[in-house]
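Colleague: Provided herewith: entry05.cif, mmCIF, C-alpha atoms.
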data_query
loop_
_atom_site.label_atom_id
_atom_site.label_comp_id
_atom_site.auth_asym_id
_atom_site.auth_seq_id
_atom_site.Cartn_x
_atom_site.Cartn_y
_atom_site.Cartn_z
CA ASP A 55 14.00 62.78 83.94
CA LEU A 56 13.68 61.69 87.56
CA PRO A 57 16.46 62.71 89.95
CA GLU A 58 18.96 59.98 90.92
CA ALA A 59 17.69 59.84 94.51
CA ASP A 60 14.05 59.30 93.47
CA ARG A 61 12.90 55.76 94.41
CA ARG A 62 10.64 55.65 91.37
CA ARG A 63 13.77 55.23 89.23
CA GLU A 64 14.38 51.84 90.87
CA TYR A 65 10.77 50.75 90.25
CA ILE A 66 10.94 51.85 86.62
CA ALA A 67 14.22 49.95 86.15
CA ARG A 68 12.60 46.79 87.58
CA LEU A 69 9.60 47.24 85.30
CA LEU A 70 11.82 47.60 82.25
CA VAL A 71 13.69 44.39 83.11
CA ALA A 72 10.36 42.56 83.52
CA VAL A 73 9.02 43.92 80.24
CA ASP A 74 12.22 42.87 78.42
CA ARG A 75 11.92 39.36 79.86
CA GLN A 76 8.28 39.10 78.77
CA ASP A 77 9.18 40.40 75.32
CA ARG A 78 11.84 37.67 74.93
CA LEU A 79 9.34 35.06 76.12
CA VAL A 80 6.73 36.15 73.55
CA GLU A 81 9.37 36.19 70.79
CA ASN A 82 10.45 32.67 71.76
CA LEU A 83 6.86 31.40 71.81
CA LEU A 84 6.24 32.89 68.37
CA THR A 85 9.40 31.28 67.02
CA LEU A 86 8.43 27.94 68.55
CA SER A 87 4.97 28.12 66.95
CA HIS A 88 6.25 29.39 63.56
CA PRO A 89 9.83 28.17 63.19
CA THR A 90 10.03 28.12 59.40
CA PRO A 91 13.15 29.98 58.30
CA ASP A 92 12.44 33.12 56.27
CA ALA A 93 15.45 33.73 54.04
CA TRP A 94 17.12 30.58 52.71
CA GLN A 95 20.54 31.17 51.20
CA GLN A 96 24.07 29.84 51.19
CA VAL A 97 25.67 30.60 54.53
CA SER A 98 29.36 30.57 55.39
CA ILE A 99 29.53 29.05 58.85
CA HIS A 100 32.89 30.75 59.45
CA ALA A 101 31.50 34.21 58.69
CA LEU A 102 28.34 33.54 60.68
CA LEU A 103 30.29 32.39 63.75
CA ASP A 104 32.57 35.43 63.42
CA ASP A 105 29.45 37.64 63.58
CA VAL A 106 27.96 35.72 66.52
CA LEU A 107 31.19 35.80 68.52
CA ALA A 108 31.65 39.51 67.80
CA MET A 109 28.21 40.24 69.28
CA LEU A 110 28.87 38.33 72.52
CA PRO A 111 30.67 40.06 75.38
CA PRO A 112 34.40 39.22 75.34
CA ASP A 113 35.14 36.14 77.45
CA LEU A 114 38.60 34.65 77.94
CA ARG A 115 37.06 31.20 78.39
CA LEU A 116 35.82 31.19 74.78
CA LYS A 117 38.07 29.52 72.18
CA ARG A 118 37.41 29.01 68.46
CA THR A 119 39.08 26.02 66.81
CA GLY A 120 38.77 23.89 63.70
CA ASP A 121 39.11 24.54 60.00
CA ALA A 122 40.85 27.91 60.07
CA ASP A 123 41.20 28.40 56.32
CA GLY A 124 37.48 28.49 55.68
CA ALA A 125 37.59 25.71 53.06
CA LEU A 126 34.34 24.24 54.31
CA PRO A 127 31.31 24.22 52.04
CA PRO A 128 28.59 26.77 52.74
CA VAL A 129 25.37 25.45 54.25
CA TRP A 130 21.90 26.18 52.96
CA GLY A 131 19.73 27.94 55.51
CA ASP A 132 18.53 31.13 57.14
CA PRO A 133 21.53 33.06 58.54
CA ILE A 134 19.40 34.93 61.09
CA ARG A 135 17.92 31.74 62.54
CA LEU A 136 21.29 29.95 62.47
CA GLY A 137 22.79 32.93 64.30
CA GLU A 138 20.11 32.52 66.97
CA VAL A 139 21.00 28.83 67.29
CA PHE A 140 24.73 29.44 67.72
CA THR A 141 24.19 32.36 70.08
CA ASN A 142 21.96 30.18 72.27
CA LEU A 143 24.36 27.23 72.29
CA ILE A 144 27.44 29.34 73.03
CA GLN A 145 25.69 31.38 75.73
CA ASN A 146 24.40 28.20 77.40
CA ALA A 147 27.92 26.74 77.34
CA LEU A 148 29.35 29.91 78.88
CA ASP A 149 26.63 29.96 81.54
CA ALA A 150 27.45 26.37 82.53
CA ALA A 151 31.25 26.69 82.46
CA PRO A 152 33.05 27.64 85.67
CA ALA A 153 35.10 30.84 85.81
CA SER A 154 38.28 28.80 85.34
CA GLY A 155 36.76 26.65 82.59
CA THR A 156 36.73 26.80 78.81
CA VAL A 157 34.18 26.89 76.03
CA GLU A 158 35.32 25.64 72.64
CA VAL A 159 33.51 26.37 69.38
CA ARG A 160 34.88 23.99 66.77
CA VAL A 161 34.02 23.95 63.07
CA GLU A 162 34.85 20.94 60.92
CA GLY A 163 33.74 19.18 57.77
CA ALA A 164 31.42 16.26 58.42
CA ASP A 165 31.41 15.03 54.80
CA GLN A 166 31.26 16.62 51.32
CA ASP A 167 27.90 18.28 51.89
CA ALA A 168 27.89 18.93 55.61
CA VAL A 169 29.55 21.05 58.26
CA ARG A 170 29.71 20.17 61.95
CA VAL A 171 29.81 22.81 64.67
CA LEU A 172 30.67 21.55 68.14
CA VAL A 173 30.16 23.67 71.23
CA ARG A 174 31.98 22.13 74.19
CA ASN A 175 32.54 23.33 77.71
CA THR A 176 34.19 22.20 80.89
CA GLY A 177 31.01 22.56 82.91
CA PRO A 178 29.70 20.02 85.42
CA GLY A 179 27.99 17.91 82.75
CA ILE A 180 24.37 16.95 82.16
CA PRO A 181 23.03 13.78 83.80
CA ALA A 182 22.01 11.10 81.28
CA GLU A 183 18.35 11.24 82.36
CA MET A 184 18.20 14.98 81.57
CA GLN A 185 19.94 14.95 78.19
CA GLU A 186 16.77 14.62 76.12
CA ARG A 187 14.66 16.66 78.52
CA ILE A 188 16.71 19.79 77.84
CA PHE A 189 15.17 19.84 74.35
CA GLN A 190 11.59 19.79 75.69
CA PRO A 191 9.79 23.15 75.76
CA PHE A 192 9.69 24.84 79.17
CA PHE A 193 12.22 22.49 80.79
CA THR A 194 15.01 24.53 82.34
CA THR A 195 17.64 24.27 85.01
CA LYS A 196 18.28 28.03 85.06
CA ALA A 197 16.60 30.23 87.64
CA GLY A 198 15.70 32.86 85.04
CA GLY A 199 15.35 30.57 82.03
CA THR A 200 12.22 29.97 79.99
CA GLY A 201 13.15 26.51 78.73
CA LEU A 202 12.59 27.55 75.12
CA GLY A 203 16.10 28.20 73.79
CA LEU A 204 17.23 24.63 73.13
CA PRO A 205 13.86 23.36 71.80
CA ILE A 206 13.79 26.29 69.36
CA ALA A 207 17.43 25.71 68.37
CA ARG A 208 16.80 22.02 67.68
CA GLN A 209 13.66 22.81 65.70
CA ILE A 210 15.46 25.40 63.55
CA VAL A 211 18.38 23.05 62.85
CA ALA A 212 16.01 20.20 61.94
CA LEU A 213 14.06 22.41 59.53
CA MET A 214 17.33 23.20 57.76
CA GLY A 215 18.15 19.51 57.39
CA GLY A 216 20.60 19.27 60.28
CA ARG A 217 20.76 17.59 63.66
CA LEU A 218 21.30 19.02 67.12
CA TRP A 219 22.14 16.74 70.01
CA VAL A 220 23.98 16.64 73.31
CA GLU A 221 26.76 14.37 74.50
CA SER A 222 27.77 14.84 78.10
CA GLU A 223 29.26 13.11 81.07
CA LEU A 224 29.20 14.26 84.65
CA GLY A 225 32.35 15.96 85.81
#
What is this file in structure tokens?
Modeller:
Amino acid sequence: DLPEADRRREYIARLLVAVDRQDRLVENLLTLSHPTPDAWQQVSIHALLDDVLAMLPPDLRLKRTGDADGALPPVWGDPIRLGEVFTNLIQNALDAAPASGTVEVRVEGADQDAVRVLVRNTGPGIPAEMQERIFQPFFTTKAGGTGLGLPIARQIVALMGGRLWVESELG
């Protein structure tokens, strides 16, 4: 209800941003300490990725490729937690890609019982000595990052019987 010219509006806006950041940090810490998925069920990776991509802001750099007919087997897991994983991976790829770059989300069959989702970008690459460190809690290269997204994502994927890893080369 404060008038537009009132400086207190600016302070309140800053406080709200800080509170939102702290809220996300607490949520991430809780997930890291209690990562067990809640609702195990068959999950269509195609449908889940459609939902994740629909929630992200439109970005011309983002391309979806792979098995277009949806003939892949469903995976067994928690769709909410898997959605968190894919959102984190795609957002990280977008953050690292230059404005003229691309981010590819590719879905393919790995074997009869598995599905592989690749998230690739044309970013600068991750040095070899940092590739495992990015999965350690609190390690971040982002100015505003908490360093919890990738450790949580890897933990969730592992609990569902999958693997999450990085392959990168500089340039």
Colleague: Between atom CA of A:Arg160 and atom CA of A:Gln209, what is the spacing in Å?
Modeller: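 Calculated distance between atom CA of A:Gln209 and atom CA of A:Arg160 is 21.3 Å.
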Colleague: Got a sec to resolve the PyMOL selection byres ((chain A and resi 195-203) around 12) on this structure and send the residues as a ChimeraX atom specification?
Modeller: /A:71-72,75-87,135,138-146,149-150,180-181,184-185,187-194,204-210
Colleague: Applying 12 Å and only C-alpha atoms, which residues near A:Ala168 remain after dropping the ones on its own chain fewer than 2 positions away? List them as a PyMOL selection string.
Modeller: chain A and resi 97-99+126-130+161-166+170-171+214-217
Colleague: Between A:Ala125, A:Pro111, A:Pro133, A:Ala182, which one has atoms that come closest to A:Leu148, using only C-alpha atoms?
Modeller: A:Pro111
Colleague: Could you tell me how far atom CA of A:Val106 sits from atom CA of A:Gly177, in Å to one decimal place?
Modeller: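 Computed distance, atom CA of A:Gly177 to atom CA of A:Val106, equals 21.2 Å.
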Colleague: As AutoDock Vina command-line options, please: the centre and edge lengths in Å, to one decimal, of an axis-aligned box enclosing every listed atom of stretch 171-176 of chain A with 4 Å added on each side.
Modeller:
--center_x 32.0 --center_y 22.6 --center_z 72.8 --size_x 12.4 --size_y 10.1 --size_z 24.2
Colleague: Once you count only C-alpha atoms, which residues end up no further than 6 Å from (36.5, 24.7, 76.6) in the file's frame, shown as a PyMOL selection string?
Modeller: chain A and resi 156-158+174-176
Colleague: Please compute the atom CA of A:Gly225-atom CA of A:Ala147 distance, one decimal, in Å.
Modeller: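 Computing the Euclidean distance for atom CA of A:Gly225 and atom CA of A:Ala147 yields 14.4 Å.
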Colleague: Pick from A:Trp94, A:Gly137, A:Val173, A:Leu70: nearest to A:Lys117, with all atoms listed in the file counted?
Modeller: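 Checking each of A:Trp94, A:Gly137, A:Val173, A:Leu70 against A:Lys117, counting all atoms listed in the file, the winner is A:Val173.
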Colleague: Nearest to A:Leu218: which of A:Leu69, A:Glu186, A:Arg61, A:Asp105 is it, counting only C-alpha atoms?
Modeller: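 Smallest distance to A:Leu218 is found for A:Glu186.
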Colleague: Pick the closest to A:Leu116 from A:Ala93, A:Leu136, A:Ala151, A:Leu102: which is it, counting only C-alpha atoms?
Modeller: A:Ala151
Colleague: With all atoms listed in the file as the atoms that count, which of A:Val220, A:Leu110, A:Leu103, A:Val73 lies nearest to A:Val159?
Modeller: A:Leu103
